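Printed here is structure-v4.cif (mmCIF, C-alpha atoms):
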```cif
data_work
loop_
_atom_site.label_atom_id
_atom_site.label_comp_id
_atom_site.auth_asym_id
_atom_site.auth_seq_id
_atom_site.Cartn_x
_atom_site.Cartn_y
_atom_site.Cartn_z
CA MET A 1087 88.43 97.40 111.24
CA LEU A 1088 87.11 94.62 113.47
CA ASP A 1089 84.05 95.19 115.64
CA ILE A 1090 85.08 95.62 119.29
CA LYS A 1091 81.90 93.76 120.23
CA LEU A 1092 83.08 90.71 118.24
CA ILE A 1093 86.43 90.79 120.05
CA ARG A 1094 84.73 91.17 123.43
CA GLU A 1095 82.22 88.36 122.91
CA ASN A 1096 84.31 85.92 120.81
CA PRO A 1097 87.99 86.47 121.68
CA ASP A 1098 89.02 82.87 120.91
CA PHE A 1099 87.39 83.02 117.48
CA VAL A 1100 89.26 86.24 116.70
CA ARG A 1101 92.55 84.81 117.99
CA LYS A 1102 92.11 81.76 115.75
CA GLY A 1103 91.55 83.99 112.71
CA LEU A 1104 94.59 86.12 113.49
CA ALA A 1105 96.77 83.03 113.93
CA ALA A 1106 95.59 81.74 110.54
CA LYS A 1107 96.73 85.07 109.04
CA LYS A 1108 100.09 84.87 110.84
CA GLU A 1109 99.30 88.03 112.80
CA LYS A 1110 100.37 89.07 116.29
CA ASP A 1111 97.76 88.44 119.00
CA ARG A 1112 96.93 91.74 120.75
CA ILE A 1113 93.45 90.69 121.82
CA GLY A 1114 94.36 90.52 125.53
CA GLU A 1115 95.63 94.09 125.38
CA ILE A 1116 92.40 95.27 123.74
CA LEU A 1117 90.21 93.40 126.24
CA THR A 1118 92.09 94.90 129.21
CA LEU A 1119 91.68 98.41 127.83
CA ASP A 1120 88.04 97.76 126.94
CA GLU A 1121 87.28 96.51 130.47
CA GLU A 1122 88.89 99.63 131.97
CA ARG A 1123 86.90 101.83 129.57
CA ARG A 1124 83.60 100.18 130.47
CA THR A 1125 84.35 100.39 134.21
CA LEU A 1126 85.14 104.09 133.88
CA ILE A 1127 81.99 104.77 131.84
CA PHE A 1128 79.88 103.05 134.53
CA ALA A 1129 81.60 105.13 137.24
CA VAL A 1130 81.04 108.34 135.28
CA GLU A 1131 77.36 107.53 134.87
CA GLU A 1132 77.04 107.01 138.64
CA LEU A 1133 78.84 110.29 139.35
CA LYS A 1134 76.63 112.17 136.89
CA ALA A 1135 73.53 110.67 138.52
CA LYS A 1136 74.83 111.82 141.90
CA LYS A 1137 75.47 115.27 140.47
CA ASN A 1138 71.97 115.46 139.01
CA GLN A 1139 70.46 114.57 142.40
CA ALA A 1140 72.54 117.28 144.08
CA SER A 1141 71.57 119.81 141.39
CA ALA A 1142 67.93 119.22 142.29
CA LYS A 1143 68.61 119.31 146.06
CA ILE A 1144 70.74 122.47 146.26
CA PRO A 1145 67.95 124.92 145.23
CA GLN A 1146 65.64 123.28 147.78
CA MET A 1147 68.26 123.72 150.52
CA LYS A 1148 68.77 127.37 149.62
CA LYS A 1149 65.03 127.96 149.57
CA ALA A 1150 64.75 126.42 153.03
CA GLY A 1151 67.57 128.67 154.27
CA GLU A 1152 70.00 125.77 154.71
CA ASP A 1153 73.75 126.03 154.07
CA ALA A 1154 74.53 124.25 150.75
CA SER A 1155 78.23 125.16 150.63
CA ALA A 1156 79.44 121.68 151.66
CA LEU A 1157 77.30 120.02 149.00
CA LEU A 1158 78.47 122.57 146.39
CA ALA A 1159 82.09 121.84 147.28
CA GLU A 1160 81.43 118.11 147.04
CA MET A 1161 79.86 118.53 143.60
CA LYS A 1162 82.87 120.55 142.47
CA GLY A 1163 84.97 117.53 143.34
CA VAL A 1164 82.52 115.25 141.51
CA SER A 1165 82.73 117.47 138.40
CA ASP A 1166 86.52 117.35 138.48
CA GLU A 1167 86.40 113.56 138.83
CA VAL A 1168 83.98 113.25 135.88
CA THR A 1169 86.28 115.42 133.75
CA SER A 1170 89.30 113.29 134.71
CA LYS A 1171 87.52 110.01 134.01
CA ASP A 1172 86.10 111.27 130.70
CA LYS A 1173 89.61 112.26 129.64
CA ARG A 1174 90.89 108.79 130.52
CA VAL A 1175 88.01 107.20 128.56
CA SER A 1176 89.02 109.23 125.50
CA GLU A 1177 92.65 108.16 125.91
CA ILE A 1178 91.64 104.50 126.15
CA GLU A 1179 89.37 104.73 123.11
CA GLU A 1180 92.21 106.28 121.12
CA ALA A 1181 94.56 103.50 122.29
CA ILE A 1182 92.03 100.80 121.31
CA ASN A 1183 91.49 102.36 117.88
CA ASN A 1184 95.25 102.61 117.32
CA ILE A 1185 95.61 98.90 118.02
CA LEU A 1186 92.55 98.00 115.91
CA ALA A 1187 94.06 99.93 112.98
CA TYR A 1188 96.84 97.31 112.83
CA ILE A 1189 94.62 94.24 113.25
CA PRO A 1190 93.64 92.61 109.92
CA ASN A 1191 90.32 91.29 108.77
CA LEU A 1192 89.50 87.70 109.71
CA PRO A 1193 89.43 85.01 107.00
CA HIS A 1194 86.08 83.62 105.88
CA GLU A 1195 85.36 80.05 106.95
CA SER A 1196 85.67 78.83 103.34
CA VAL A 1197 89.28 80.04 103.02
CA PRO A 1198 91.85 77.21 103.17
CA VAL A 1199 94.21 77.43 106.14
CA GLY A 1200 97.84 77.79 105.10
CA MET A 1201 100.96 79.75 105.92
CA SER A 1202 102.28 80.73 102.48
CA ALA A 1203 101.46 81.12 98.78
CA GLU A 1204 102.52 77.52 98.21
CA GLU A 1205 99.34 76.47 100.02
CA ASN A 1206 96.95 78.43 97.80
CA VAL A 1207 94.38 76.22 96.10
CA GLU A 1208 93.86 76.13 92.34
CA VAL A 1209 90.12 76.35 91.71
CA ARG A 1210 90.10 76.08 87.92
CA ARG A 1211 92.01 77.00 84.79
CA TRP A 1212 91.03 78.02 81.27
CA LEU A 1213 93.06 77.46 78.13
CA PRO A 1214 92.33 78.44 74.52
CA GLU A 1215 91.42 75.45 72.38
CA GLY A 1216 94.54 73.48 71.41
CA TYR A 1217 96.81 75.57 73.63
CA LYS A 1218 100.37 74.32 74.21
CA PHE A 1219 102.28 75.37 77.32
CA GLU A 1220 105.51 74.89 75.38
CA PRO A 1221 105.21 76.36 71.86
CA ASP A 1222 106.82 74.75 68.80
CA PHE A 1223 109.45 77.51 68.71
CA LYS A 1224 111.57 79.17 71.39
CA PRO A 1225 109.53 82.23 72.42
CA LEU A 1226 111.11 85.60 73.07
CA ASP A 1227 110.27 87.13 76.42
CA HIS A 1228 108.39 90.42 76.66
CA ILE A 1229 111.59 92.42 77.15
CA GLN A 1230 113.17 90.97 74.00
CA LEU A 1231 109.95 91.53 72.06
CA GLY A 1232 109.70 95.09 73.34
CA LYS A 1233 113.23 95.88 72.12
CA LYS A 1234 112.93 94.06 68.81
CA LEU A 1235 109.64 95.75 67.90
CA ASN A 1236 110.56 99.10 69.49
CA ILE A 1237 107.38 99.19 71.60
CA LEU A 1238 108.77 99.14 75.17
CA ASP A 1239 111.72 100.95 76.73
CA PHE A 1240 112.61 99.94 80.27
CA GLU A 1241 116.13 101.42 80.19
CA ARG A 1242 115.02 104.96 79.31
CA GLY A 1243 112.16 104.70 81.79
CA ALA A 1244 114.76 103.97 84.47
CA LYS A 1245 116.81 106.96 83.26
CA VAL A 1246 113.82 109.31 83.34
CA THR A 1247 112.49 108.19 86.72
CA GLY A 1248 114.01 104.99 88.10
CA SER A 1249 113.69 101.23 87.95
CA GLY A 1250 110.10 100.05 87.66
CA PHE A 1251 108.79 102.99 85.62
CA PRO A 1252 108.39 101.68 82.03
CA ILE A 1253 107.93 103.65 78.82
CA TYR A 1254 105.48 102.40 76.18
CA LYS A 1255 106.27 103.47 72.60
CA GLY A 1256 104.41 103.58 69.30
CA LYS A 1257 102.21 100.56 68.84
CA GLY A 1258 103.08 99.41 72.36
CA ALA A 1259 101.51 102.59 73.77
CA THR A 1260 98.51 102.13 71.47
CA LEU A 1261 98.10 98.52 72.62
CA GLU A 1262 98.22 99.59 76.27
CA ARG A 1263 95.53 102.22 75.65
CA ALA A 1264 93.47 99.68 73.69
CA LEU A 1265 93.52 97.25 76.62
CA ILE A 1266 92.29 99.92 79.06
CA ASN A 1267 89.46 101.01 76.75
CA PHE A 1268 88.46 97.40 76.04
CA PHE A 1269 88.33 96.60 79.78
CA LEU A 1270 86.18 99.64 80.54
CA ASP A 1271 83.80 99.09 77.64
CA MET A 1272 83.22 95.46 78.56
CA HIS A 1273 82.60 96.23 82.24
CA ILE A 1274 80.25 99.11 81.41
CA ASN A 1275 78.36 97.66 78.45
CA GLU A 1276 78.26 93.96 79.35
CA HIS A 1277 78.77 93.74 83.11
CA GLY A 1278 76.66 96.69 84.23
CA TYR A 1279 79.27 98.85 85.99
CA GLU A 1280 79.17 102.64 86.06
CA GLU A 1281 82.41 104.31 84.98
CA ILE A 1282 84.39 106.40 87.46
CA PHE A 1283 87.48 108.43 86.63
CA PRO A 1284 88.94 109.02 90.11
CA PRO A 1285 91.66 111.30 91.50
CA PHE A 1286 95.12 109.70 91.48
CA LEU A 1287 96.04 111.40 94.78
CA VAL A 1288 94.17 110.81 98.05
CA ASN A 1289 94.35 112.03 101.64
CA ARG A 1290 95.29 110.01 104.69
CA ASP A 1291 91.69 109.29 105.72
CA SER A 1292 91.08 107.61 102.36
CA MET A 1293 94.14 105.41 102.76
CA LYS A 1294 93.05 104.48 106.28
CA GLY A 1295 89.52 103.73 105.08
CA THR A 1296 90.57 100.94 102.73
CA GLY A 1297 93.29 99.58 105.02
CA GLN A 1298 96.49 100.59 103.21
CA ILE A 1299 97.72 102.52 106.24
CA PRO A 1300 99.01 102.49 108.87
CA LYS A 1301 99.96 98.79 108.53
CA MET A 1302 101.49 99.00 105.01
CA GLU A 1303 102.55 102.62 105.00
CA GLU A 1304 106.13 101.86 103.94
CA ASP A 1305 104.87 100.43 100.64
CA MET A 1306 103.10 103.67 99.73
CA TYR A 1307 104.46 106.80 98.06
CA PHE A 1308 103.79 109.99 100.03
CA ILE A 1309 103.90 113.69 99.10
CA GLU A 1310 104.80 115.15 102.48
CA LYS A 1311 104.34 118.83 101.59
CA ASP A 1312 100.69 118.28 100.65
CA GLY A 1313 99.87 115.31 102.87
CA LEU A 1314 98.71 113.30 99.84
CA TYR A 1315 99.35 109.76 98.65
CA PRO A 1316 99.65 108.67 94.99
CA ILE A 1317 97.15 105.81 94.88
CA PRO A 1318 98.31 102.16 94.91
CA THR A 1319 95.00 101.21 93.25
CA ALA A 1320 91.75 102.90 92.20
CA GLU A 1321 90.10 100.85 94.97
CA VAL A 1322 91.14 103.62 97.37
CA PRO A 1323 89.45 106.68 95.83
CA ILE A 1324 86.44 104.74 94.52
CA THR A 1325 85.66 103.02 97.83
CA ASN A 1326 86.06 106.32 99.69
CA ILE A 1327 83.45 108.02 97.50
CA TYR A 1328 80.95 106.94 100.16
CA ARG A 1329 83.10 107.46 103.27
CA ASP A 1330 80.92 108.75 106.16
CA GLU A 1331 77.76 108.28 104.08
CA VAL A 1332 74.60 106.16 104.26
CA LEU A 1333 73.32 104.38 101.14
CA ALA A 1334 69.73 103.30 100.54
CA GLU A 1335 69.16 99.55 100.41
CA LYS A 1336 67.10 99.94 97.24
CA ASP A 1337 70.17 101.35 95.43
CA LEU A 1338 72.32 98.29 96.11
CA PRO A 1339 74.42 96.84 94.67
CA VAL A 1340 76.45 99.84 93.53
CA LYS A 1341 79.02 98.78 90.91
CA TYR A 1342 81.82 101.05 89.72
CA ALA A 1343 84.65 100.46 87.27
CA GLY A 1344 87.47 102.95 86.92
CA TYR A 1345 90.87 103.30 85.30
CA SER A 1346 93.87 104.69 87.14
CA ALA A 1347 97.62 104.68 87.09
CA CYS A 1348 98.83 102.89 90.24
CA PHE A 1349 101.93 103.68 92.30
CA ARG A 1350 103.60 101.28 94.74
CA ARG A 1351 106.97 101.55 96.42
CA GLU A 1352 107.03 97.78 97.04
CA ALA A 1353 109.44 98.40 99.93
CA GLY A 1354 109.37 94.74 100.95
CA SER A 1355 109.98 93.31 97.48
CA TYR A 1356 113.78 93.47 97.30
CA GLY A 1357 115.24 90.23 95.96
CA LYS A 1358 112.07 89.27 94.09
CA ASP A 1359 112.02 88.86 90.31
CA SER A 1360 111.86 92.45 89.08
CA LYS A 1361 112.78 92.42 85.39
CA GLY A 1362 110.56 94.24 82.91
CA PHE A 1363 106.89 94.18 83.83
CA LEU A 1364 107.24 91.45 86.45
CA ARG A 1365 107.53 94.03 89.22
CA VAL A 1366 106.94 97.73 88.56
CA HIS A 1367 106.35 100.83 90.67
CA GLN A 1368 103.90 102.42 88.22
CA PHE A 1369 101.32 100.47 86.24
CA ASN A 1370 97.85 100.81 84.75
CA LYS A 1371 94.75 99.08 86.01
CA VAL A 1372 90.99 99.08 85.64
CA GLU A 1373 89.41 98.41 89.03
CA MET A 1374 85.97 97.01 89.78
CA VAL A 1375 84.43 98.08 93.11
CA LYS A 1376 81.13 96.92 94.60
CA PHE A 1377 79.02 98.11 97.55
CA VAL A 1378 76.58 95.32 98.42
CA GLN A 1379 74.26 93.91 101.08
CA PRO A 1380 76.04 91.56 103.52
CA GLU A 1381 73.88 88.55 102.65
CA THR A 1382 74.79 88.75 98.94
CA SER A 1383 78.48 89.61 99.16
CA TYR A 1384 79.87 86.15 98.48
CA ASP A 1385 77.64 85.68 95.45
CA GLU A 1386 78.86 89.08 94.27
CA LEU A 1387 82.47 87.94 94.75
CA GLU A 1388 81.95 85.02 92.35
CA LYS A 1389 80.40 87.41 89.79
CA LEU A 1390 83.36 89.75 90.21
CA VAL A 1391 85.78 86.96 89.34
CA LYS A 1392 83.65 85.97 86.35
CA ASN A 1393 83.75 89.57 85.06
CA ALA A 1394 87.56 89.46 85.00
CA GLU A 1395 87.53 85.99 83.39
CA ASP A 1396 85.28 87.20 80.57
CA ILE A 1397 87.99 89.61 79.47
CA LEU A 1398 90.75 87.01 79.47
CA GLN A 1399 88.63 84.54 77.55
CA ALA A 1400 87.77 87.20 74.97
CA LEU A 1401 91.50 87.86 74.54
CA GLN A 1402 92.25 84.10 74.41
CA VAL A 1403 94.77 84.39 77.26
CA PRO A 1404 95.41 81.20 79.30
CA TYR A 1405 94.74 81.68 83.01
CA ARG A 1406 94.06 79.93 86.27
CA ILE A 1407 92.10 80.90 89.41
CA LEU A 1408 93.65 80.48 92.85
CA MET A 1409 91.84 80.74 96.17
CA LEU A 1410 94.33 82.30 98.54
CA CYS A 1411 95.03 80.53 101.81
CA THR A 1412 94.76 82.38 105.13
CA GLY A 1413 98.48 83.15 105.33
CA ASP A 1414 98.53 84.77 101.87
CA LEU A 1415 95.43 86.94 102.28
CA SER A 1416 95.85 90.71 102.23
CA PHE A 1417 95.38 92.78 105.37
CA SER A 1418 91.78 93.79 104.59
CA ALA A 1419 90.46 90.72 102.73
CA ALA A 1420 88.19 88.05 104.21
CA LYS A 1421 88.45 85.99 101.01
CA CYS A 1422 90.42 86.49 97.81
CA TYR A 1423 90.86 84.87 94.41
CA ASP A 1424 93.96 85.56 92.35
CA ILE A 1425 93.79 85.27 88.58
CA GLU A 1426 97.12 84.32 87.03
CA VAL A 1427 98.03 84.37 83.34
CA TRP A 1428 100.61 82.10 81.70
CA SER A 1429 103.99 83.36 80.48
CA PRO A 1430 105.52 80.98 77.87
CA ALA A 1431 108.96 82.60 78.10
CA GLU A 1432 109.09 82.59 81.91
CA GLN A 1433 107.29 79.23 82.04
CA LYS A 1434 105.25 80.33 85.03
CA TRP A 1435 101.95 81.88 86.08
CA LEU A 1436 101.83 85.63 86.71
CA GLU A 1437 99.22 87.41 88.85
CA ALA A 1438 97.06 89.73 86.75
CA SER A 1439 94.10 90.23 89.08
CA SER A 1440 93.00 89.87 92.69
CA CYS A 1441 89.30 89.77 93.55
CA SER A 1442 88.46 90.24 97.23
CA ASN A 1443 85.52 90.42 99.61
CA PHE A 1444 86.28 92.68 102.58
CA GLU A 1445 82.88 92.10 104.20
CA GLY A 1446 82.31 95.05 106.61
CA PHE A 1447 86.00 95.60 107.41
CA GLN A 1448 86.62 98.57 105.10
CA ALA A 1449 83.11 99.93 105.69
CA ARG A 1450 83.72 100.07 109.44
CA ARG A 1451 87.03 101.90 108.91
CA ALA A 1452 85.49 104.31 106.38
CA ASN A 1453 82.08 104.51 108.13
CA ILE A 1454 80.01 103.42 105.11
CA LYS A 1455 76.53 102.19 106.02
CA PHE A 1456 73.21 101.42 104.37
CA ARG A 1457 69.67 101.76 105.73
CA LYS A 1458 67.53 98.64 105.76
CA GLU A 1459 64.13 99.24 104.17
CA GLU A 1460 62.36 96.75 106.45
CA ASN A 1461 63.29 98.19 109.85
CA LYS A 1462 65.15 101.44 108.92
CA LYS A 1463 68.19 100.23 110.86
CA LEU A 1464 71.71 101.16 109.78
CA GLU A 1465 74.22 98.42 108.96
CA TYR A 1466 77.75 98.45 107.66
CA ILE A 1467 77.83 97.70 103.96
CA HIS A 1468 80.07 95.01 102.43
CA THR A 1469 82.72 96.19 99.98
CA LEU A 1470 84.42 94.16 97.26
CA ASN A 1471 86.95 94.93 94.57
CA GLY A 1472 88.87 93.23 91.83
CA SER A 1473 91.37 94.07 89.12
CA GLY A 1474 89.56 94.06 85.86
CA LEU A 1475 92.44 93.99 84.91
CA ALA A 1476 95.97 95.21 85.61
CA THR A 1477 97.78 95.58 82.31
CA SER A 1478 101.46 95.02 83.19
CA ARG A 1479 101.65 91.25 83.70
CA LEU A 1480 98.77 90.70 81.30
CA MET A 1481 100.92 92.51 78.70
CA VAL A 1482 103.68 89.96 79.37
CA SER A 1483 101.32 87.06 78.70
CA LEU A 1484 99.64 88.77 75.75
CA LEU A 1485 102.87 89.64 73.92
CA GLU A 1486 104.46 86.25 74.53
CA ASN A 1487 101.37 84.19 73.67
CA CYS A 1488 100.49 86.23 70.57
CA GLN A 1489 103.99 86.20 69.06
CA THR A 1490 104.74 84.33 65.85
CA PRO A 1491 107.90 82.31 65.03
CA GLU A 1492 109.05 85.40 63.09
CA GLY A 1493 108.81 87.55 66.24
CA THR A 1494 105.77 89.61 65.26
CA ILE A 1495 102.73 90.09 67.50
CA GLY A 1496 99.19 89.26 66.40
CA ILE A 1497 96.61 91.54 68.00
CA PRO A 1498 93.56 89.72 69.48
CA LYS A 1499 90.44 90.46 67.46
CA PRO A 1500 88.51 92.34 70.23
CA LEU A 1501 91.38 94.86 70.47
CA GLN A 1502 91.75 95.60 66.76
CA LYS A 1503 88.94 98.17 66.65
CA TYR A 1504 90.83 100.06 69.38
CA THR A 1505 94.34 99.69 67.91
CA GLY A 1506 93.50 100.16 64.24
CA PHE A 1507 96.02 97.43 63.35
CA SER A 1508 96.09 93.64 63.53
CA ILE A 1509 99.81 93.01 63.88
CA ILE A 1510 102.93 94.54 65.41
CA GLY A 1511 106.01 93.80 63.36
#
```

Kindly transcribe the structure held in the file into structure tokens.
Amino acid sequence: MLDIKLIRENPDFVRKGLAAKKEKDRIGEILTLDEERRTLIFAVEELKAKKNQASAKIPQMKKAGEDASALLAEMKGVSDEVTSKDKRVSEIEEAINNILAYIPNLPHESVPVGMSAEENVEVRRWLPEGYKFEPDFKPLDHIQLGKKLNILDFERGAKVTGSGFPIYKGKGATLERALINFFLDMHINEHGYEEIFPPFLVNRDSMKGTGQIPKMEEDMYFIEKDGLYPIPTAEVPITNIYRDEVLAEKDLPVKYAGYSACFRREAGSYGKDSKGFLRVHQFNKVEMVKFVQPETSYDELEKLVKNAEDILQALQVPYRILMLCTGDLSFSAAKCYDIEVWSPAEQKWLEASSCSNFEGFQARRANIKFRKEENKKLEYIHTLNGSGLATSRLMVSLLENCQTPEGTIGIPKPLQKYTGFSIIG
């Protein structure tokens, strides 16, 4: 959530940021409400001061034998007016917060201005030594490989649940589990994260805290009877661990990594490429979440990206890093890098990770602060997260890049201790 003080003092700056994110400008509406609120608060303070003066005067009048009934009647009217104005202040504050809930974070100054994904900027790419974008043989795609090797079953997944709910079988299921364990072990043992195994269902306050609702509510699954949401990412429960809490500066940064299944309705995705793993409603992901000091958050973002890159390099998967332009940033992000892996069969890059700095946006919504050691003041913490990694599109790239001309799959060396086999075929 944006700071109302920022909007009040720098409305043009905020409007510029919203325009860069292709968002509706409701700043004038907020400023009008805020001005009315402040005027009412000033009036209430004056009325309360008047009431306090009368409260001191009335006993003196009674002691002197004077009639205080007129003053008492006047103060009754003042009390009623205070109650009315206080009620209106509460209504205005609720209206302001309702509007703020739909206003996105502002892009960082380093983010390129652009209106669509076509204007994202490639920062760098990494390829295994001697890698060829077009192999010497016609590669099978991940769906064909899954059928041929009997390791994936999209048709029966659709029968059991619906489109976008895949079934992993045999060595395919083992490979999926191996990826998750490998991700977690690397983040814990080499990158210094603490493991979290979070709930897969959260309440509405948690979804509000990280910015998934109300703006993107239609993309979320919801269990109405219990008022709970299946999580779209482990970012939600892990970030909300510290909702309404104060952290000590000496304990920062706090770094968590956690596995979860993820559930997304993707209500706005109709018409997009949805075959196989390219667009699913349930998938597996290991999420990295950081709680950091504001002055270090952009350094921590670069480290976050590097942590995800380390995994892809270990697996020898070709990838590129994109810095998202303003028009392609998520609702809550101030800056974001996407990591895309290469699919030889599709002949295109597929997003496997997003690494974002939310600055104080989520912390303000979730009320997460830290206490400065120097002056004991409370400040909103900066939160970051990144996929480290999501398995579905990485599985596409892994299967297709590791296939042989005979249609078998070679398992990358770091995964073999988890799978117990070196080839699928």

Item to check | Distance query Ile1178 in chain A at most 12 Å, all atoms listed in the file, self and fewer than 5 positions along chain excluded, as a PyMOL selection string | outcome: chain A and resi 1115-1127+1171-1173+1183-1185

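For the file shown, the residue list from the PyMOL selection byres ((chain A and resi 1438) around 8) reads A:Asp1424, A:Ile1425, A:Glu1426, A:Val1427, A:Leu1436, A:Glu1437, A:Ser1439, A:Ser1440, A:Ser1473, A:Leu1475, A:Ala1476, A:Thr1477, A:Ser1478, A:Arg1479, A:Leu1480.
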
Go ahead and write the residues just picked, C-alpha atoms, as a short mmCIF file (atom, residue, chain, number, x, y, z; two decimals), keeping the file's coordinate frame.
```cif
data_model
loop_
_atom_site.label_atom_id
_atom_site.label_comp_id
_atom_site.auth_asym_id
_atom_site.auth_seq_id
_atom_site.Cartn_x
_atom_site.Cartn_y
_atom_site.Cartn_z
CA ASP A 1424 93.96 85.56 92.35
CA ILE A 1425 93.79 85.27 88.58
CA GLU A 1426 97.12 84.32 87.03
CA VAL A 1427 98.03 84.37 83.34
CA LEU A 1436 101.83 85.63 86.71
CA GLU A 1437 99.22 87.41 88.85
CA SER A 1439 94.10 90.23 89.08
CA SER A 1440 93.00 89.87 92.69
CA SER A 1473 91.37 94.07 89.12
CA LEU A 1475 92.44 93.99 84.91
CA ALA A 1476 95.97 95.21 85.61
CA THR A 1477 97.78 95.58 82.31
CA SER A 1478 101.46 95.02 83.19
CA ARG A 1479 101.65 91.25 83.70
CA LEU A 1480 98.77 90.70 81.30
#
```

Around (75.0, 118.3, 145.4) in the file's own coordinates, what residues are found within 10 Å if you use all atoms listed in the file, given back as an mmCIF file with C-alpha atoms, keeping the file's coordinate frame?
```cif
data_model
loop_
_atom_site.group_PDB
_atom_site.id
_atom_site.type_symbol
_atom_site.label_atom_id
_atom_site.label_comp_id
_atom_site.auth_asym_id
_atom_site.auth_seq_id
_atom_site.Cartn_x
_atom_site.Cartn_y
_atom_site.Cartn_z
ATOM 1 C CA LYS A 1136 74.830 111.820 141.900
ATOM 2 C CA LYS A 1137 75.470 115.270 140.470
ATOM 3 C CA ASN A 1138 71.970 115.460 139.010
ATOM 4 C CA GLN A 1139 70.460 114.570 142.400
ATOM 5 C CA ALA A 1140 72.540 117.280 144.080
ATOM 6 C CA SER A 1141 71.570 119.810 141.390
ATOM 7 C CA ALA A 1142 67.930 119.220 142.290
ATOM 8 C CA LYS A 1143 68.610 119.310 146.060
ATOM 9 C CA ILE A 1144 70.740 122.470 146.260
ATOM 10 C CA PRO A 1145 67.950 124.920 145.230
ATOM 11 C CA ALA A 1154 74.530 124.250 150.750
ATOM 12 C CA SER A 1155 78.230 125.160 150.630
ATOM 13 C CA ALA A 1156 79.440 121.680 151.660
ATOM 14 C CA LEU A 1157 77.300 120.020 149.000
ATOM 15 C CA LEU A 1158 78.470 122.570 146.390
ATOM 16 C CA ALA A 1159 82.090 121.840 147.280
ATOM 17 C CA GLU A 1160 81.430 118.110 147.040
ATOM 18 C CA MET A 1161 79.860 118.530 143.600
ATOM 19 C CA LYS A 1162 82.870 120.550 142.470
ATOM 20 C CA VAL A 1164 82.520 115.250 141.510
#
```

Would you write out, as a JSON list (two decimals) with C-alpha atoms, keeping the file's coordinate frame, every residue that the PyMOL selection byres ((chain A and resi 1434) around 12) captures in this file?
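Done, and the output landed in result_20.json:
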```json
[["chain", "number", "residue", "atom", "x", "y", "z"],
["A", 1219, "PHE", "CA", 102.28, 75.37, 77.32],
["A", 1220, "GLU", "CA", 105.51, 74.89, 75.38],
["A", 1364, "LEU", "CA", 107.24, 91.45, 86.45],
["A", 1404, "PRO", "CA", 95.41, 81.20, 79.30],
["A", 1405, "TYR", "CA", 94.74, 81.68, 83.01],
["A", 1406, "ARG", "CA", 94.06, 79.93, 86.27],
["A", 1426, "GLU", "CA", 97.12, 84.32, 87.03],
["A", 1427, "VAL", "CA", 98.03, 84.37, 83.34],
["A", 1428, "TRP", "CA", 100.61, 82.10, 81.70],
["A", 1429, "SER", "CA", 103.99, 83.36, 80.48],
["A", 1430, "PRO", "CA", 105.52, 80.98, 77.87],
["A", 1431, "ALA", "CA", 108.96, 82.60, 78.10],
["A", 1432, "GLU", "CA", 109.09, 82.59, 81.91],
["A", 1433, "GLN", "CA", 107.29, 79.23, 82.04],
["A", 1435, "TRP", "CA", 101.95, 81.88, 86.08],
["A", 1436, "LEU", "CA", 101.83, 85.63, 86.71],
["A", 1437, "GLU", "CA", 99.22, 87.41, 88.85],
["A", 1479, "ARG", "CA", 101.65, 91.25, 83.70],
["A", 1482, "VAL", "CA", 103.68, 89.96, 79.37],
["A", 1483, "SER", "CA", 101.32, 87.06, 78.70]]
```

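For the pair CA of Ala1187 in chain A and CA of Asp1089 in chain A, the separation is 11.4 Å.
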
Item to check | Nearest residue to Tyr1423 in chain A from the set A:Leu1235, A:Val1391, A:Ile1467, A:Ile1397 (distances using only C-alpha atoms) | outcome: A:Val1391

Checklist entry - Can you list, as a PyMOL selection string, every protein, DNA or RNA residue that comes within 12 Å of Phe1447 in chain A when you count all atoms listed in the file, leaving out same-chain residues fewer than 2 positions away? => result chain A and resi 1087-1090+1186-1187+1189-1193+1294-1297+1380+1417-1421+1442-1445+1449-1455+1466-1470

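Proximity to Asn1267 in chain A at 12 Å, evaluated using all atoms listed in the file and with sequence-adjacent residues fewer than 5 positions away removed, yields Thr1260, Leu1261, Glu1262, Met1272, His1273, Ile1274, Asn1275, Glu1281, Ala1343, Gly1344, Tyr1345, Ser1346, Asn1370, Lys1371, Val1372, Ile1397, Gly1474, Leu1475, Thr1477, Pro1500, Leu1501, Gln1502, Lys1503, Tyr1504 and Thr1505 of chain A.
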